[in-house]
Structures are given as structure tokens and as C-alpha cells.
>>> print(open('target34.txt').read())   # compact mmCIF, C-alpha atoms and all ligand atoms
# COMPACT_ATOMS: atom_id res chain seq x y z
CA MET A 32 0.00 0.00 0.00
CA ALA A 33 1.55 3.31 -1.09
CA GLU A 34 1.96 6.12 1.41
CA THR A 35 0.19 9.10 -0.20
CA LEU A 36 1.52 12.59 0.40
CA SER A 37 0.12 15.89 -0.82
CA THR A 38 1.95 19.13 -1.58
CA GLN A 39 1.74 22.11 -3.89
CA VAL A 40 4.98 21.44 -5.82
CA ALA A 41 6.73 18.06 -6.07
CA ILE A 42 10.40 18.43 -7.01
CA VAL A 43 12.53 15.51 -8.25
CA GLY A 44 16.22 16.16 -7.59
CA ALA A 45 17.79 17.96 -4.61
CA GLY A 46 20.87 19.34 -6.34
CA PRO A 47 21.36 23.09 -6.79
CA ALA A 48 18.25 23.57 -8.96
CA GLY A 49 15.84 21.51 -6.86
CA SER A 50 17.04 22.70 -3.48
CA LEU A 51 17.11 26.37 -4.54
CA LEU A 52 13.61 26.13 -6.04
CA SER A 53 12.22 24.45 -2.91
CA LEU A 54 13.76 27.09 -0.67
CA ILE A 55 12.44 30.05 -2.70
CA LEU A 56 8.96 28.52 -2.78
CA HIS A 57 9.09 27.95 0.98
CA GLN A 58 10.01 31.61 1.50
CA ALA A 59 6.87 32.53 -0.50
CA GLY A 60 4.72 30.31 1.70
CA ILE A 61 4.44 27.51 -0.87
CA ASP A 62 4.86 23.89 0.19
CA SER A 63 7.08 21.52 -1.78
CA ILE A 64 8.60 18.08 -1.31
CA MET A 65 12.00 17.14 -2.75
CA VAL A 66 12.73 13.56 -3.87
CA GLU A 67 16.42 12.71 -4.25
CA ARG A 68 17.95 9.44 -5.42
CA GLN A 69 21.30 9.91 -3.62
CA SER A 70 22.06 10.41 0.03
CA ARG A 71 22.35 13.94 1.34
CA GLU A 72 26.03 13.28 2.02
CA HIS A 73 26.61 12.15 -1.58
CA VAL A 74 25.03 15.32 -2.97
CA LEU A 75 27.17 17.41 -0.64
CA SER A 76 30.35 15.58 -1.69
CA ARG A 77 30.11 16.51 -5.38
CA ILE A 78 32.95 18.64 -6.76
CA ARG A 79 31.61 20.96 -9.45
CA ALA A 80 32.45 24.37 -10.93
CA GLY A 81 33.02 27.56 -9.01
CA VAL A 82 32.12 30.65 -11.06
CA LEU A 83 28.96 32.58 -10.10
CA GLU A 84 27.53 35.18 -12.48
CA TRP A 85 26.51 38.36 -10.69
CA GLY A 86 22.83 37.53 -11.25
CA THR A 87 23.42 34.32 -9.32
CA VAL A 88 25.26 36.17 -6.54
CA GLU A 89 22.42 38.66 -6.15
CA LEU A 90 19.73 35.97 -6.18
CA LEU A 91 21.51 33.92 -3.50
CA ARG A 92 21.89 37.03 -1.36
CA ARG A 93 18.21 37.93 -1.89
CA HIS A 94 17.16 34.53 -0.58
CA GLY A 95 19.38 34.63 2.49
CA ILE A 96 22.07 32.19 1.37
CA GLY A 97 24.83 34.62 0.44
CA GLU A 98 26.43 35.33 3.82
CA ARG A 99 29.20 32.66 3.69
CA MET A 100 29.62 33.26 -0.06
CA ASP A 101 30.30 36.95 0.61
CA ARG A 102 32.68 36.03 3.44
CA GLU A 103 34.63 33.28 1.69
CA GLY A 104 34.08 33.95 -2.01
CA HIS A 105 36.44 36.01 -4.19
CA VAL A 106 35.03 38.75 -6.45
CA HIS A 107 36.68 39.02 -9.88
CA THR A 108 36.36 41.72 -12.53
CA GLU A 109 38.76 40.26 -15.08
CA THR A 110 39.73 36.85 -16.50
CA GLY A 111 42.87 35.84 -18.39
CA ILE A 112 43.39 33.99 -21.65
CA SER A 113 46.83 32.79 -22.74
CA TYR A 114 47.74 31.57 -26.24
CA GLY A 115 50.49 31.34 -28.81
CA GLY A 116 53.09 30.17 -26.32
CA ASP A 117 53.76 33.63 -24.87
CA GLN A 118 50.59 35.73 -25.19
CA LEU A 119 48.46 36.58 -22.14
CA PHE A 120 45.63 39.10 -21.87
CA TYR A 121 42.80 39.81 -19.46
CA PHE A 122 39.30 40.75 -20.55
CA ASP A 123 37.94 43.34 -18.17
CA ILE A 124 34.39 42.39 -17.20
CA GLY A 125 34.17 45.43 -14.93
CA ALA A 126 35.09 47.93 -17.64
CA HIS A 127 33.36 46.25 -20.60
CA ALA A 128 30.22 44.82 -18.96
CA ASN A 129 29.98 46.81 -15.74
CA SER A 130 29.78 43.46 -14.00
CA ALA A 131 31.82 40.92 -12.04
CA PHE A 132 31.70 37.25 -10.99
CA MET A 133 32.34 35.39 -7.75
CA SER A 134 34.66 32.42 -7.25
CA TYR A 135 32.80 30.19 -4.79
CA GLY A 136 32.45 26.44 -5.19
CA GLN A 137 29.11 24.84 -6.05
CA THR A 138 29.87 22.38 -3.27
CA GLU A 139 29.74 25.30 -0.82
CA ILE A 140 26.50 26.61 -2.31
CA GLN A 141 24.96 23.17 -1.85
CA LYS A 142 26.01 23.18 1.81
CA ASP A 143 24.53 26.67 2.27
CA LEU A 144 21.29 25.54 0.60
CA TYR A 145 20.95 22.44 2.78
CA ASP A 146 21.70 24.47 5.91
CA ALA A 147 18.89 26.86 4.93
CA HIS A 148 16.55 23.90 4.35
CA ASP A 149 17.40 22.49 7.77
CA ALA A 150 16.60 25.87 9.35
CA ALA A 151 13.33 26.09 7.38
CA GLY A 152 12.23 22.55 8.20
CA THR A 153 11.36 21.71 4.59
CA VAL A 154 10.54 18.15 3.48
CA ALA A 155 12.91 15.99 1.42
CA TYR A 156 13.21 12.25 0.77
CA TYR A 157 16.82 11.17 0.12
CA ASP A 158 18.06 7.73 -0.86
CA VAL A 159 14.96 6.92 -2.91
CA ASP A 160 15.09 3.97 -5.32
CA ASP A 161 15.83 4.59 -8.98
CA ASP A 162 12.15 4.20 -9.88
CA VAL A 163 10.83 7.74 -9.63
CA ALA A 164 7.97 8.21 -12.10
CA PHE A 165 5.76 11.11 -13.14
CA HIS A 166 2.02 10.62 -13.62
CA ASP A 167 -0.93 12.60 -15.03
CA VAL A 168 1.28 15.59 -15.79
CA THR A 169 -1.32 17.13 -18.14
CA THR A 170 -4.01 17.06 -15.45
CA SER A 171 -4.61 19.49 -12.58
CA ARG A 172 -3.38 16.82 -10.12
CA PRO A 173 -0.09 15.37 -11.36
CA SER A 174 1.86 13.03 -9.10
CA VAL A 175 5.26 11.49 -8.51
CA THR A 176 5.74 7.90 -7.30
CA PHE A 177 8.83 6.24 -5.86
CA THR A 178 9.91 3.57 -3.43
CA ARG A 179 12.23 4.07 -0.49
CA HIS A 180 13.40 1.48 1.98
CA GLY A 181 10.76 -0.93 0.66
CA GLN A 182 7.86 1.51 1.05
CA ASP A 183 5.90 2.77 -1.98
CA HIS A 184 5.17 6.52 -2.00
CA ARG A 185 2.89 8.74 -4.10
CA ILE A 186 3.15 12.52 -3.93
CA GLU A 187 0.09 14.29 -5.31
CA ALA A 188 0.76 17.91 -6.24
CA ASP A 189 -0.50 20.90 -8.19
CA TYR A 190 2.79 21.06 -10.13
CA VAL A 191 5.72 18.65 -10.62
CA VAL A 192 9.25 19.79 -11.45
CA GLY A 193 12.15 17.78 -12.87
CA CYS A 194 15.38 19.10 -11.34
CA ASP A 195 16.84 15.62 -11.83
CA GLY A 196 19.85 16.42 -13.99
CA PHE A 197 20.88 15.08 -17.39
CA HIS A 198 20.23 11.42 -16.52
CA GLY A 199 16.97 11.96 -14.64
CA PRO A 200 13.54 10.69 -15.74
CA ALA A 201 11.64 13.99 -15.97
CA LYS A 202 12.21 14.88 -19.61
CA ASN A 203 11.21 11.33 -20.59
CA ALA A 204 7.76 12.04 -19.13
CA ILE A 205 7.24 14.37 -22.10
CA PRO A 206 5.93 12.42 -25.14
CA SER A 207 8.62 11.72 -27.73
CA ASP A 208 6.57 13.49 -30.41
CA VAL A 209 6.55 16.63 -28.24
CA LEU A 210 10.07 16.66 -26.77
CA ARG A 211 12.83 18.03 -29.01
CA ARG A 212 16.41 17.03 -28.13
CA TYR A 213 19.48 18.90 -29.43
CA GLU A 214 22.89 17.40 -28.65
CA LYS A 215 26.55 17.86 -29.52
CA THR A 216 29.39 15.88 -27.92
CA TYR A 217 33.04 16.94 -27.90
CA PRO A 218 35.97 14.63 -28.74
CA PHE A 219 37.82 15.25 -25.49
CA GLY A 220 37.32 15.50 -21.72
CA TRP A 221 38.50 17.67 -18.84
CA LEU A 222 40.81 16.21 -16.21
CA GLY A 223 40.37 18.31 -13.08
CA ILE A 224 42.23 18.33 -9.76
CA LEU A 225 41.88 20.06 -6.44
CA SER A 226 45.10 20.87 -4.57
CA GLU A 227 45.63 22.55 -1.21
CA THR A 228 47.89 25.18 -2.74
CA PRO A 229 47.51 28.95 -3.12
CA PRO A 230 45.78 29.70 -6.45
CA LEU A 231 46.62 32.37 -8.99
CA GLU A 232 44.88 35.70 -8.41
CA HIS A 233 42.81 35.45 -11.59
CA LEU A 234 41.21 32.64 -13.56
CA ILE A 235 43.31 31.98 -16.66
CA TYR A 236 42.22 29.88 -19.66
CA ALA A 237 44.93 28.52 -21.98
CA ASN A 238 44.75 27.78 -25.69
CA SER A 239 47.86 25.69 -26.29
CA SER A 240 48.95 23.48 -29.19
CA ARG A 241 49.18 20.79 -26.50
CA GLY A 242 45.52 21.33 -25.54
CA PHE A 243 43.30 23.42 -23.28
CA ALA A 244 44.13 24.22 -19.66
CA LEU A 245 42.46 26.28 -16.93
CA ALA A 246 43.70 27.72 -13.64
CA SER A 247 40.88 28.37 -11.17
CA GLN A 248 40.35 28.54 -7.42
CA ARG A 249 38.12 27.76 -4.45
CA ASN A 250 39.73 29.70 -1.59
CA PRO A 251 43.17 31.18 -0.66
CA MET A 252 44.48 27.67 0.05
CA LEU A 253 42.52 25.56 -2.43
CA SER A 254 43.19 25.58 -6.17
CA ARG A 255 41.25 24.02 -9.03
CA TYR A 256 43.09 23.18 -12.26
CA TYR A 257 42.03 21.43 -15.47
CA VAL A 258 43.72 20.06 -18.58
CA GLN A 259 41.98 18.80 -21.73
CA CYS A 260 42.56 15.07 -22.12
CA PRO A 261 41.51 12.29 -24.54
CA LEU A 262 37.99 10.99 -23.89
CA ASP A 263 39.20 7.44 -23.20
CA ASP A 264 41.81 8.47 -20.62
CA THR A 265 41.37 7.33 -17.03
CA VAL A 266 42.46 9.04 -13.84
CA ASP A 267 44.93 6.19 -13.20
CA GLN A 268 46.88 7.27 -16.28
CA TRP A 269 47.45 10.71 -14.77
CA SER A 270 49.87 10.83 -11.86
CA ASP A 271 50.13 14.17 -10.08
CA GLU A 272 53.55 14.63 -11.67
CA ARG A 273 52.18 14.06 -15.17
CA PHE A 274 49.29 16.41 -14.51
CA TRP A 275 51.46 19.25 -13.26
CA ASP A 276 54.02 18.83 -16.05
CA GLU A 277 51.26 19.04 -18.67
CA LEU A 278 49.44 21.92 -16.99
CA LEU A 279 52.60 24.03 -16.71
CA ALA A 280 53.57 23.25 -20.32
CA ARG A 281 50.25 24.66 -21.56
CA PHE A 282 50.70 28.10 -19.97
CA PRO A 283 53.29 30.76 -20.86
CA ASP A 284 56.31 30.91 -18.52
CA SER A 285 54.91 34.15 -17.06
CA VAL A 286 51.94 32.13 -15.76
CA SER A 287 53.43 28.69 -15.09
CA SER A 288 56.20 30.26 -12.99
CA GLN A 289 53.48 31.53 -10.62
CA ILE A 290 51.66 28.20 -10.21
CA VAL A 291 52.27 26.44 -6.88
CA THR A 292 52.05 22.68 -7.35
CA GLY A 293 51.24 20.10 -4.70
CA PRO A 294 49.47 16.77 -4.09
CA SER A 295 45.98 16.45 -5.51
CA ILE A 296 43.16 15.82 -3.04
CA GLU A 297 40.62 15.16 -5.78
CA LYS A 298 41.12 14.08 -9.38
CA SER A 299 38.38 13.33 -11.95
CA ILE A 300 37.68 13.30 -15.68
CA ALA A 301 34.42 14.66 -17.13
CA PRO A 302 33.14 14.51 -20.73
CA LEU A 303 31.94 17.66 -22.52
CA ARG A 304 28.51 17.95 -24.06
CA SER A 305 26.03 20.55 -25.33
CA PHE A 306 22.42 19.49 -24.83
CA VAL A 307 19.04 21.19 -24.82
CA ALA A 308 15.60 19.61 -24.33
CA GLU A 309 12.60 21.62 -25.48
CA PRO A 310 10.04 22.53 -24.28
CA MET A 311 10.82 23.02 -20.58
CA ARG A 312 7.12 22.69 -19.75
CA TYR A 313 4.54 20.04 -20.59
CA GLY A 314 1.18 20.47 -18.87
CA ASN A 315 1.99 20.87 -15.18
CA LEU A 316 5.45 19.30 -15.53
CA PHE A 317 8.39 21.70 -15.63
CA LEU A 318 12.11 21.07 -16.27
CA ALA A 319 14.86 23.16 -14.65
CA GLY A 320 18.65 22.99 -14.63
CA ASP A 321 20.66 20.10 -16.05
CA ALA A 322 17.38 18.19 -16.51
CA ALA A 323 16.81 20.44 -19.53
CA HIS A 324 20.28 21.47 -20.68
CA ILE A 325 23.99 20.71 -20.43
CA VAL A 326 26.86 22.99 -21.43
CA PRO A 327 30.60 22.29 -21.74
CA PRO A 328 32.17 23.79 -18.57
CA THR A 329 34.32 26.20 -20.62
CA GLY A 330 31.96 29.10 -20.05
CA ALA A 331 31.14 28.14 -16.43
CA LYS A 332 27.42 28.34 -17.24
CA GLY A 333 26.00 25.07 -15.82
CA LEU A 334 25.15 26.24 -12.32
CA ASN A 335 24.28 29.76 -13.48
CA LEU A 336 21.72 28.43 -15.97
CA ALA A 337 20.18 26.27 -13.24
CA VAL A 338 19.84 29.42 -11.13
CA SER A 339 18.25 31.46 -13.92
CA ASP A 340 15.79 28.63 -14.67
CA VAL A 341 14.86 28.59 -10.98
CA PHE A 342 14.48 32.38 -10.98
CA TYR A 343 12.02 32.22 -13.90
CA LEU A 344 10.16 29.13 -12.67
CA SER A 345 9.80 30.22 -9.03
CA ARG A 346 8.55 33.63 -10.21
CA GLY A 347 5.93 31.89 -12.35
CA LEU A 348 4.83 29.40 -9.69
CA ILE A 349 4.59 32.06 -6.98
CA GLN A 350 2.59 34.39 -9.25
CA GLN A 351 0.25 31.55 -10.22
CA ILE A 352 -0.22 30.04 -6.76
CA ASN A 353 -0.30 33.22 -4.69
CA GLU A 354 -1.93 35.62 -7.19
CA ARG A 355 -3.79 33.26 -9.57
CA ASP A 356 -1.95 34.99 -12.45
CA SER A 357 -0.44 32.55 -14.99
CA HIS A 358 1.59 35.09 -16.99
CA TYR A 359 5.13 34.16 -15.95
CA LEU A 360 4.31 30.44 -15.76
CA ASP A 361 2.89 30.51 -19.29
CA CYS A 362 6.08 32.12 -20.66
CA TYR A 363 8.52 30.13 -18.49
CA SER A 364 9.73 27.72 -21.16
CA GLU A 365 10.24 30.32 -23.88
CA MET A 366 11.90 32.81 -21.52
CA ALA A 367 14.21 30.25 -19.91
CA LEU A 368 15.15 28.78 -23.29
CA ARG A 369 16.19 32.20 -24.66
CA ARG A 370 18.79 32.45 -21.93
CA VAL A 371 19.69 28.77 -22.20
CA TRP A 372 20.41 28.95 -25.93
CA ALA A 373 22.47 32.12 -25.50
CA ALA A 374 24.62 30.38 -22.88
CA VAL A 375 24.79 27.11 -24.86
CA ARG A 376 26.04 29.03 -27.89
CA PHE A 377 28.60 31.02 -25.87
CA SER A 378 29.90 27.83 -24.19
CA TRP A 379 30.14 26.09 -27.59
CA TRP A 380 31.97 29.06 -29.11
CA LEU A 381 34.49 29.38 -26.23
CA THR A 382 35.06 25.61 -26.27
CA GLY A 383 35.81 25.72 -30.00
CA LEU A 384 38.14 28.68 -29.52
CA LEU A 385 40.24 27.23 -26.70
CA HIS A 386 40.49 23.48 -27.28
CA ARG A 387 42.57 21.39 -29.66
CA PHE A 388 40.38 19.09 -31.76
CA PRO A 389 41.71 15.72 -32.93
CA GLU A 390 41.36 16.47 -36.64
CA GLN A 391 42.74 19.99 -36.21
CA THR A 392 45.57 21.08 -38.52
CA GLU A 393 48.11 23.87 -38.20
CA ILE A 394 45.82 26.37 -39.93
CA ASP A 395 43.08 25.61 -37.40
CA GLN A 396 45.48 26.47 -34.56
CA ARG A 397 46.47 29.71 -36.30
CA LEU A 398 42.82 30.64 -36.93
CA GLN A 399 42.10 30.20 -33.20
CA GLU A 400 45.12 32.35 -32.37
CA ALA A 401 44.02 35.00 -34.89
CA GLU A 402 40.59 35.22 -33.21
CA LEU A 403 42.25 35.48 -29.80
CA THR A 404 44.53 38.25 -31.14
CA TYR A 405 41.44 40.11 -32.34
CA ILE A 406 39.78 39.84 -28.92
CA GLN A 407 43.02 40.83 -27.19
CA HIS A 408 43.29 44.08 -29.15
CA SER A 409 39.65 45.00 -29.78
CA ALA A 410 37.58 46.82 -27.16
CA LYS A 411 34.44 45.57 -28.92
CA GLY A 412 35.75 42.02 -28.98
CA GLN A 413 36.51 42.23 -25.26
CA ALA A 414 33.10 43.73 -24.58
CA ALA A 415 31.40 40.83 -26.37
CA ILE A 416 33.23 38.12 -24.45
CA SER A 417 32.95 40.06 -21.18
CA GLU A 418 29.19 40.53 -21.21
CA GLN A 419 28.58 36.89 -22.15
CA TYR A 420 31.05 35.52 -19.61
CA ALA A 421 29.51 37.75 -16.91
CA GLY A 422 26.05 36.48 -17.91
CA MET A 423 23.24 38.26 -19.70
CA PRO A 424 20.62 39.93 -17.46
CA PHE A 425 17.57 37.92 -16.37
CA GLU A 426 14.51 38.92 -18.44
CA ARG A 427 11.97 40.88 -16.38
N1 LIG A 501 15.32 10.23 -8.80
C1 LIG A 501 15.63 11.17 -7.86
N2 LIG A 501 16.66 12.04 -7.98
C2 LIG A 501 17.39 11.96 -9.12
C3 LIG A 501 17.12 11.03 -10.15
C4 LIG A 501 16.03 10.14 -9.94
N3 LIG A 501 15.71 9.22 -10.87
N4 LIG A 501 18.02 11.21 -11.15
C5 LIG A 501 18.84 12.22 -10.76
N5 LIG A 501 18.46 12.66 -9.54
C6 LIG A 501 19.13 13.70 -8.73
C7 LIG A 501 20.65 13.61 -8.75
O1 LIG A 501 21.12 12.67 -7.79
C8 LIG A 501 21.06 15.03 -8.43
O2 LIG A 501 21.25 15.23 -7.05
O3 LIG A 501 18.85 14.97 -9.31
C9 LIG A 501 19.89 15.88 -8.93
C10 LIG A 501 20.28 16.70 -10.13
O4 LIG A 501 21.29 17.63 -9.71
P1 LIG A 501 22.40 18.18 -10.74
O5 LIG A 501 22.78 17.09 -11.69
O6 LIG A 501 23.48 18.85 -9.92
O7 LIG A 501 21.63 19.26 -11.61
P2 LIG A 501 21.07 20.70 -11.21
O8 LIG A 501 20.46 20.70 -9.85
O9 LIG A 501 20.29 21.13 -12.38
O10 LIG A 501 22.38 21.62 -11.10
C11 LIG A 501 23.14 21.90 -12.23
O11 LIG A 501 24.96 20.97 -11.10
O12 LIG A 501 25.93 19.06 -11.90
C12 LIG A 501 26.06 20.40 -11.83
O13 LIG A 501 27.29 21.07 -13.76
C13 LIG A 501 26.02 21.03 -13.18
O14 LIG A 501 26.62 23.12 -12.33
C14 LIG A 501 25.52 22.37 -12.85
C15 LIG A 501 24.53 22.14 -11.75
C1 LIG A 502 36.01 25.95 -11.80
O1 LIG A 502 36.49 26.75 -10.96
O2 LIG A 502 35.76 24.74 -11.52
C2 LIG A 502 35.73 26.44 -13.20
C3 LIG A 502 35.98 27.76 -13.52
C4 LIG A 502 35.72 28.22 -14.81
C5 LIG A 502 35.23 27.33 -15.76
C6 LIG A 502 34.97 25.99 -15.43
C7 LIG A 502 35.24 25.54 -14.15
O3 LIG A 502 34.99 27.77 -17.03
>>> encode(input="target34.txt", output="C-alpha cells")
Amino acid sequence: MAETLSTQVAIVGAGPAGSLLSLILHQAGIDSIMVERQSREHVLSRIRAGVLEWGTVELLRRHGIGERMDREGHVHTETGISYGGDQLFYFDIGAHANSAFMSYGQTEIQKDLYDAHDAAGTVAYYDVDDDVAFHDVTTSRPSVTFTRHGQDHRIEADYVVGCDGFHGPAKNAIPSDVLRRYEKTYPFGWLGILSETPPLEHLIYANSSRGFALASQRNPMLSRYYVQCPLDDTVDQWSDERFWDELLARFPDSVSSQIVTGPSIEKSIAPLRSFVAEPMRYGNLFLAGDAAHIVPPTGAKGLNLAVSDVFYLSRGLIQQINERDSHYLDCYSEMALRRVWAAVRFSWWLTGLLHRFPEQTEIDQRLQEAELTYIQHSAKGQAAISEQYAGMPFER
């Protein structure tokens, strides 16, 4: 016999998108229940990106989860790109886009979100079986079913939201003749490490004939570095020594001489993909975050797109539930997808500009370097990359 629960919004997935949405709804007096396949500890242990667009920073502050971010995060107004063996320039996001970004790990945001949920006493089911299913999503009483510790559950709700990431079931609840999938995969991966070493002051991306590299940070004694690697590589093939040698070789001496190396405390390889599922609404089922789209990490857009989806969706749900006005809910999918496609395109463009592709020839490398030279010396070129890297404004 299933245990039947009732709420206003049932949310599948308690990652950044699901937990932020649930918290914002709670603050507006709207009940929700989160359903999460993994344990709370597993979700909190994930190492993800660490660049927050200013729209994300302001939204987190607005919802009372910015205090530790403001204390421990690092505000940046410029980002570096190196290329051609000895070229290095910084695009000035402050000057060209009147904006900035914050270095603060997604892992930390997840901790801040869960702390806020604990304080709010919201409801979440972790460790559920991999059998979550959506039902009656085109009716006024959709539901979500799942089993947990041998007990069947049904959550009846007014709205159901898939915040269940790329591999989650939500988008598959949309009929195949309605759902449109757009996908591009890249012929390489990113090998990332964390090291308890002082990071560089700025983030620096490297276009090198040896492949892409990135120097990033988490805090004054925690650095995050990446090198492009073949898709079929495994972490075992990359000793710390090999990683550091390759990373330093991909930056100019003026940068590599500043990098403090040390033992890795985390090492992982991730594939790169561009993916968009349309529409992000079907009846009373909504998609938000990685459930609807994936970007290569080059533009640091993944988390920021999840936040902008949640901004648009929470605004629509609150207006509908609290004011019986469906305007923002009716335009959620189109509005969110405009920002999604802009970020997907920017991430694709920056990935193509900075990485070495297997079939690439010498002219391809020179064409990339010519585009980087243009951006380096053109105020308009710097303005274009700056405003997109900083993140386009949320539509009002
Ligand atoms: N049932 C319940 N929960 C599920 C299921 C399922 N069948 N499938 C996936 N989930 C959970 C995952 O365990 C995960 O915690 O949904 C959550 C989805 O979280 P994310 O994948 O982090 O996606 P999102 O919340 O949209 O955040 C996007 O997270 O992964 C990064 O790079 C990504 O920065 C981006 C951000
Ligand atoms: C990170 O700090 O993990 C990071 C920064 C910038 C990116 C991707 C990842 O583009």
C-alpha cells in the first residue's frame, strides 16, 4: 500500500536547482517536497564548478544564502586567456560589462542551501530507489511515485518539477513526439584536480597546441586546475607529476612560474557535451537545470543556468499560486530557453576557440590564435566576451 503525500509542488532532484527552487517557494509560503535518489552526504560531496555570475550572486543574497559566499568567495572583474606560447591578456568584465563574478564552489552553495533547508524545516526524501515516475502531468493533479526502503510513495501535487539532472527521468515524461532534443558531444574530456595550494589571483584559460588548460580557485588555500585530455583516458593514467608537467607546459612561462604545485586531493575526468531539451514545460510538468540542458564547462554556465531557470520558474509558480496569475508560468519555457540557448552558444563558441580538436591542422590552430589576437586588441571584442562571460541579465 503506497503512502500518499500531498503538496503544492513536487520536485525531483535535490541538487542546486531543486534545493534552490524548494527554498524560494518555501520563503513565498508555498509547500514543496523534494525527492532525491542519492544520500544527502553524496550530494554534498560533489565537486563541481566555481564561477557565479553576478545575477546568481544577487539571487543567492536575496534569498538569504549569500552570507558565507560573501565572506569566503572572491570577487573578480577580469579573467585571463593565454595563447600562442607567450601571449596573455585579461578581458575586463568590470570595464566592458559593468559586472563581475564570484569564485565560490558549487559544493559550498549546496552546503549553504541544505543548511537553509534544515533551518526552514522543509521536506525531502533522500536515498529513494531509482524508480521515480511522473504521472498525469497534463491534469490538474499530477503526481510522482517512488519507493524508499521498501515503502511505496505517491506525492500528489499541483505542479511537478524535474530538477533531476541530465540522466533523470523527468524529460522522458514528455511524449517523444513533443520533446525536441538537441545534442553535440566533444571529442575530449577535462581532467580536473583540487590541490591545497595557493591559487593564482585570476582565472586563466589557456589555448595551447598541447591542448586546453584552466587555472581556477576555491579559496586562498585551495586551487582548481584542469587540462583537456583524450575521452578514453582514465584518472589512473594521470599521476600528479604528469598532470602538473602538462598543466605548466600549456601556460606561458609568465603564468606557469606563478603556479604552486602540490598533491591532488581530488582528481576526476568529465566529458563535454552541449544538450538542450525543449520545451521546458509540458502540462503541469516543468524542467529546470541540467534536466533540460547541459553545457561544456568552458563558459562556467551550468550552475548559473540552473539558477536562472529557478528564478524564472519560481517567479511563475509564486505568481500563479499566490496571485492566480499565470503570466510568468505561461512564458517560463520560452523565456528560460532564450537564456539557455544564448549560454549554450557562448559555451560552444568558447570551447571551440580554446580546445585542440583531434582532426585539427596547423591552420586551425592559427585561426584560433588570430581570433584570440582580435579579442586581445579590440575593445568591442573584449566587450562581447565580457558581457557573455559575466552572464546576460535575467529577463523581467
Ligand atoms: N530520482 C531522484 N533524484 C534523481 C534522479 C532520480 N531518478 N536522477 C537524478 N536525480 C538527482 C541527482 O542525484 C542530483 O542530485 O537529481 C539531482 C540533479 O542535480 P544536478 O545534476 O546537480 O543538476 P542541477 O540541480 O540542475 O544543477 C546543475 O549541477 O551538476 C552540476 O554542472 C552542473 O553546475 C551544474 C549544476
Ligand atoms: C572551476 O572553478 O571549476 C571552473 C571555472 C571556470 C570554468 C569551469 C570551471 O569555465
>>> closest_residue(input="target34.txt", among="A:Val286, A:Ile61, A:Leu318, A:Val66", to="A:Tyr157", atoms="all atoms listed in the file")
A:Val66
>>> residues_near_ligand(input="target34.txt", ligand="ligand LIG 501 (chain A)", cutoff="7 Å", atoms="only C-alpha atoms and all ligand atoms", output="PyMOL selection string")
chain A and resi 43-49+66-69+74+79-80+137+159+161-163+194-200+319-322+333-334+337
>>> closest_residue(input="target34.txt", among="A:Ser70, A:Gly115, A:Pro310, A:Val175", to="A:Arg397", atoms="all atoms listed in the file")
A:Gly115
>>> closest_residue(input="target34.txt", among="A:Ile352, A:Leu52, A:Leu385, A:Ile42", to="ligand LIG 502 (chain A)", atoms="only C-alpha atoms and all ligand atoms")
A:Leu385
>>> residues_near_ligand(input="target34.txt", ligand="ligand LIG 502 (chain A)", cutoff="8 Å", atoms="only C-alpha atoms and all ligand atoms", output="VMD selection string")
chain A and resid 79 to 82 134 to 136 234 236 245 to 249 255 to 256 328 to 332
>>> residues_near_point(input="target34.txt", point="(24.6, 29.6, -28.8)", cutoff="12 Å", atoms="all atoms listed in the file", output="list in words")
Tyr213, Lys215, Ser305, Phe306, Val307, Val326, Pro327, Gly330, Lys332, Leu368, Arg369, Arg370, Val371, Trp372, Ala373, Ala374, Val375, Arg376, Phe377, Ser378, Trp379, Trp380, Leu381, Thr382, Gly383 and Gln419 of chain A
>>> closest_residue(input="target34.txt", among="A:Ser37, A:Thr178, A:Thr153, A:Ser339", to="A:Leu83", atoms="only C-alpha atoms")
A:Ser339
>>> atom_distance(input="target34.txt", atom1="atom CA of A:Ile64", atom2="atom CA of A:Ser174")
11.5 Å
>>> atom_distance(input="target34.txt", atom1="atom CA of A:Asn315", atom2="atom CA of A:Val192")
8.2 Å
>>> closest_residue(input="target34.txt", among="A:Glu103, A:Glu84, A:Phe219, A:Leu225", to="A:Asp263", atoms="all atoms listed in the file")
A:Phe219
>>> residues_near_point(input="target34.txt", point="(53.1, 31.7, -24.3)", cutoff="6 Å", atoms="all atoms listed in the file", output="PyMOL selection string")
chain A and resi 114-118+283
>>> write_last_selection(input="target34.txt", atoms="C-alpha atoms", output="PDB file, in the frame of the given file")
ATOM      1  CA  TYR A 114      47.740  31.570 -26.240  1.00  0.00           C
ATOM      2  CA  GLY A 115      50.490  31.340 -28.810  1.00  0.00           C
ATOM      3  CA  GLY A 116      53.090  30.170 -26.320  1.00  0.00           C
ATOM      4  CA  ASP A 117      53.760  33.630 -24.870  1.00  0.00           C
ATOM      5  CA  GLN A 118      50.590  35.730 -25.190  1.00  0.00           C
ATOM      6  CA  PRO A 283      53.290  30.760 -20.860  1.00  0.00           C
TER       7      PRO A 283
END
